[in-house]
Structures are given as structure tokens and as C-alpha cells.
Amino acid sequence: MQKLFNVLFLSLFVFSLLVGCGGGGKEEGGILYAFKEDFIVNLAKEDMGTYLKVQIGVEVSDKKTLGEIGRMEFKIRDRLNYILSRQSLKTISTDTGKDNIKREIKESINKVLDTGEITDVFFYEFVSQ
């Protein structure tokens, strides 16, 4: 029960940092953007029947980038759904696997941005079942 409380508290704390005012908040080192909806995908074929639910936030280089992400969210969500649905349960169960997914997400979003860049990716909820 204590572990559940700690996870819930940490999730709420990180969420409050990421959401700020209307999806973007300021933190030392960058501007944060939280995607409005959860990402819920089925995992790769070898893990049929297993799904992944993720809440994702990103750190952006400037306010222009924040606006661009908001305008391009549908295109970005499509790319992220593709990346997440290709993962296996084995991959998402390791820190290295999660770090590789974050790197791939960062690279994918940066490819569609015209100005600025994503400097970091955060998972503030990450559940598979």
C-alpha cells in the first residue's frame, strides 16, 4: 500500500510540474509540455494481449517550440503511437529499454519540428498490463 501511495504521490507531483498552465510549465533548464491525453497501445505481436499506458511530457528549447508542438500534436501522437506499439514487454521492463524509447521519441519529434527542439522526454506514468 505504501508503494502505491509513493507512486501516486510522485505521479501527481511530476504531473503538476509538467502541466503548469495549459500544458506548458517553466522549470529551471527548460520549458515543459505535457501531452493532454495518455498514450495507450498494444505491445508488439510477441506480447499479444499486453498493453502499455504512458503519460509523456517533454522539455523544449523555447516558447516557439511549445506552440509548434501544440499545433502538431496529432502528427506527433501518431509517431509516438507507432514507436510505443513496436515495443516488447521485455524492452519496456528495463531502464535501458526505457532510455532507448525516450531517445527515439526525442529524435522522432525533432524531425517534425521547424523551430527549436525537444531537449528531454519524461514518462510520468508508465504502466503495462
# chains A, B, ... in the order shown; residues from 1 in each chain; ligands from 1

$ residues_around --residues "Asp38 in chain A" --least-positions-apart "2" --cutoff "9 Å" --atoms "only C-alpha atoms" --output "number ranges by chain"
A: 35-36, 40, 53-56, 125

$ residues_around --residues "range 117-119 of chain A" --least-positions-apart "6" --cutoff "7 Å" --atoms "only C-alpha atoms" --output "VMD selection string"
chain A and resid 58 to 61 65 106 110

$ atom_distance --atom1 "CA of Met72 in chain A" --atom2 "CA of Arg86 in chain A"
21.9 Å

$ residues_around --residues "Tyr82 in chain A" --least-positions-apart "3" --cutoff "12 Å" --atoms "only C-alpha atoms" --output "list in words"
Phe39, Ile40, Val41, Asn42, Leu43, Ala44, Lys75, Ile76, Arg77, Asp78, Arg79, Ser85, Arg86, Gln87, Ile101, Glu104, Ile105 and Ser108 of chain A

$ residues_around --residues "Lys98 in chain A" --least-positions-apart "6" --cutoff "9 Å" --atoms "only C-alpha atoms" --output "ChimeraX atom specification"
/A:91-92,123

$ atom_distance --atom1 "CA of Arg103 in chain A" --atom2 "CA of Gly49 in chain A"
25.9 Å

$ closest_residue --among "A:Thr115, A:Leu84, A:Val127, A:Leu66" --to "Asn100 in chain A" --atoms "only C-alpha atoms"
A:Leu84

$ closest_residue --among "A:Lys90, A:Asp99, A:Lys111, A:Phe122" --to "Thr50 in chain A" --atoms "only C-alpha atoms"
A:Lys90

$ closest_residue --among "A:Phe126, A:Glu68, A:Phe74, A:Asp47" --to "Tyr33 in chain A" --atoms "only C-alpha atoms"
A:Glu68

$ select_by_dssp --residues "range 8-129 of chain A" --states "strand (DSSP E)" --output "ChimeraX atom specification"
/A:24-27,30-34,39-42,51-60,118-128

$ closest_residue --among "A:Gly116, A:Leu89, A:Ser128, A:Gly57" --to "Lys102 in chain A" --atoms "only C-alpha atoms"
A:Gly57

$ closest_residue --among "A:Ser93, A:Val112, A:Asp120, A:Gln129" --to "Ile69 in chain A" --atoms "only C-alpha atoms"
A:Val112

$ atom_distance --atom1 "CA of Leu80 in chain A" --atom2 "CA of Lys45 in chain A"
17.5 Å

$ closest_residue --among "A:Leu113, A:Ala34, A:Val121, A:Leu52" --to "Asn81 in chain A" --atoms "only C-alpha atoms"
A:Leu52

$ decode --residues "range 88-108 of chain A" --atoms "N, CA, C and O atoms" --output "mmCIF file, in the first residue's frame"
data_model
loop_
_atom_site.group_PDB
_atom_site.id
_atom_site.type_symbol
_atom_site.label_atom_id
_atom_site.label_comp_id
_atom_site.auth_asym_id
_atom_site.auth_seq_id
_atom_site.Cartn_x
_atom_site.Cartn_y
_atom_site.Cartn_z
ATOM 1 N N SER A 88 8.410 -4.356 -27.064
ATOM 2 C CA SER A 88 8.077 -5.630 -26.421
ATOM 3 C C SER A 88 8.055 -5.421 -24.912
ATOM 4 O O SER A 88 8.634 -4.466 -24.388
ATOM 5 N N LEU A 89 7.396 -6.328 -24.232
ATOM 6 C CA LEU A 89 7.343 -6.273 -22.773
ATOM 7 C C LEU A 89 8.754 -6.359 -22.197
ATOM 8 O O LEU A 89 9.085 -5.664 -21.234
ATOM 9 N N LYS A 90 9.594 -7.167 -22.810
ATOM 10 C CA LYS A 90 10.979 -7.301 -22.361
ATOM 11 C C LYS A 90 11.713 -5.961 -22.450
ATOM 12 O O LYS A 90 12.431 -5.573 -21.536
ATOM 13 N N THR A 91 11.518 -5.247 -23.547
ATOM 14 C CA THR A 91 12.191 -3.958 -23.746
ATOM 15 C C THR A 91 11.737 -2.920 -22.733
ATOM 16 O O THR A 91 12.562 -2.229 -22.136
ATOM 17 N N ILE A 92 10.427 -2.806 -22.541
ATOM 18 C CA ILE A 92 9.919 -1.743 -21.663
ATOM 19 C C ILE A 92 10.133 -2.041 -20.187
ATOM 20 O O ILE A 92 9.915 -1.168 -19.345
ATOM 21 N N SER A 93 10.585 -3.261 -19.880
ATOM 22 C CA SER A 93 10.798 -3.654 -18.488
ATOM 23 C C SER A 93 12.184 -3.290 -17.967
ATOM 24 O O SER A 93 12.479 -3.503 -16.803
ATOM 25 N N THR A 94 13.039 -2.751 -18.831
ATOM 26 C CA THR A 94 14.399 -2.403 -18.399
ATOM 27 C C THR A 94 14.625 -0.902 -18.498
ATOM 28 O O THR A 94 14.008 -0.217 -19.322
ATOM 29 N N ASP A 95 15.523 -0.401 -17.676
ATOM 30 C CA ASP A 95 15.876 1.019 -17.732
ATOM 31 C C ASP A 95 16.500 1.373 -19.073
ATOM 32 O O ASP A 95 16.205 2.419 -19.656
ATOM 33 N N THR A 96 17.354 0.495 -19.576
ATOM 34 C CA THR A 96 17.984 0.733 -20.875
ATOM 35 C C THR A 96 16.930 0.810 -21.972
ATOM 36 O O THR A 96 16.992 1.684 -22.840
ATOM 37 N N GLY A 97 15.955 -0.091 -21.924
ATOM 38 C CA GLY A 97 14.878 -0.074 -22.906
ATOM 39 C C GLY A 97 14.083 1.220 -22.850
ATOM 40 O O GLY A 97 13.788 1.826 -23.890
ATOM 41 N N LYS A 98 13.747 1.665 -21.655
ATOM 42 C CA LYS A 98 13.004 2.928 -21.497
ATOM 43 C C LYS A 98 13.838 4.110 -21.998
ATOM 44 O O LYS A 98 13.311 5.010 -22.654
ATOM 45 N N ASP A 99 15.129 4.106 -21.681
ATOM 46 C CA ASP A 99 16.003 5.187 -22.163
ATOM 47 C C ASP A 99 16.066 5.206 -23.686
ATOM 48 O O ASP A 99 16.065 6.281 -24.301
ATOM 49 N N ASN A 100 16.117 4.034 -24.314
ATOM 50 C CA ASN A 100 16.134 3.965 -25.782
ATOM 51 C C ASN A 100 14.824 4.481 -26.373
ATOM 52 O O ASN A 100 14.832 5.153 -27.411
ATOM 53 N N ILE A 101 13.707 4.165 -25.735
ATOM 54 C CA ILE A 101 12.415 4.675 -26.204
ATOM 55 C C ILE A 101 12.386 6.193 -26.098
ATOM 56 O O ILE A 101 11.940 6.884 -27.021
ATOM 57 N N LYS A 102 12.862 6.735 -24.990
ATOM 58 C CA LYS A 102 12.913 8.200 -24.826
ATOM 59 C C LYS A 102 13.757 8.843 -25.924
ATOM 60 O O LYS A 102 13.376 9.862 -26.492
ATOM 61 N N ARG A 103 14.912 8.240 -26.211
ATOM 62 C CA ARG A 103 15.786 8.768 -27.264
ATOM 63 C C ARG A 103 15.079 8.748 -28.613
ATOM 64 O O ARG A 103 15.111 9.723 -29.368
ATOM 65 N N GLU A 104 14.403 7.636 -28.907
ATOM 66 C CA GLU A 104 13.692 7.510 -30.181
ATOM 67 C C GLU A 104 12.543 8.526 -30.266
ATOM 68 O O GLU A 104 12.318 9.125 -31.319
ATOM 69 N N ILE A 105 11.839 8.732 -29.178
ATOM 70 C CA ILE A 105 10.757 9.725 -29.153
ATOM 71 C C ILE A 105 11.318 11.119 -29.407
ATOM 72 O O ILE A 105 10.792 11.879 -30.217
ATOM 73 N N LYS A 106 12.393 11.452 -28.727
ATOM 74 C CA LYS A 106 13.031 12.764 -28.895
ATOM 75 C C LYS A 106 13.449 12.986 -30.343
ATOM 76 O O LYS A 106 13.145 14.026 -30.944
ATOM 77 N N GLU A 107 14.104 12.006 -30.940
ATOM 78 C CA GLU A 107 14.557 12.126 -32.329
ATOM 79 C C GLU A 107 13.373 12.248 -33.287
ATOM 80 O O GLU A 107 13.411 13.040 -34.230
ATOM 81 N N SER A 108 12.332 11.485 -33.034
ATOM 82 C CA SER A 108 11.164 11.497 -33.914
ATOM 83 C C SER A 108 10.439 12.844 -33.876
ATOM 84 O O SER A 108 10.058 13.379 -34.917
#
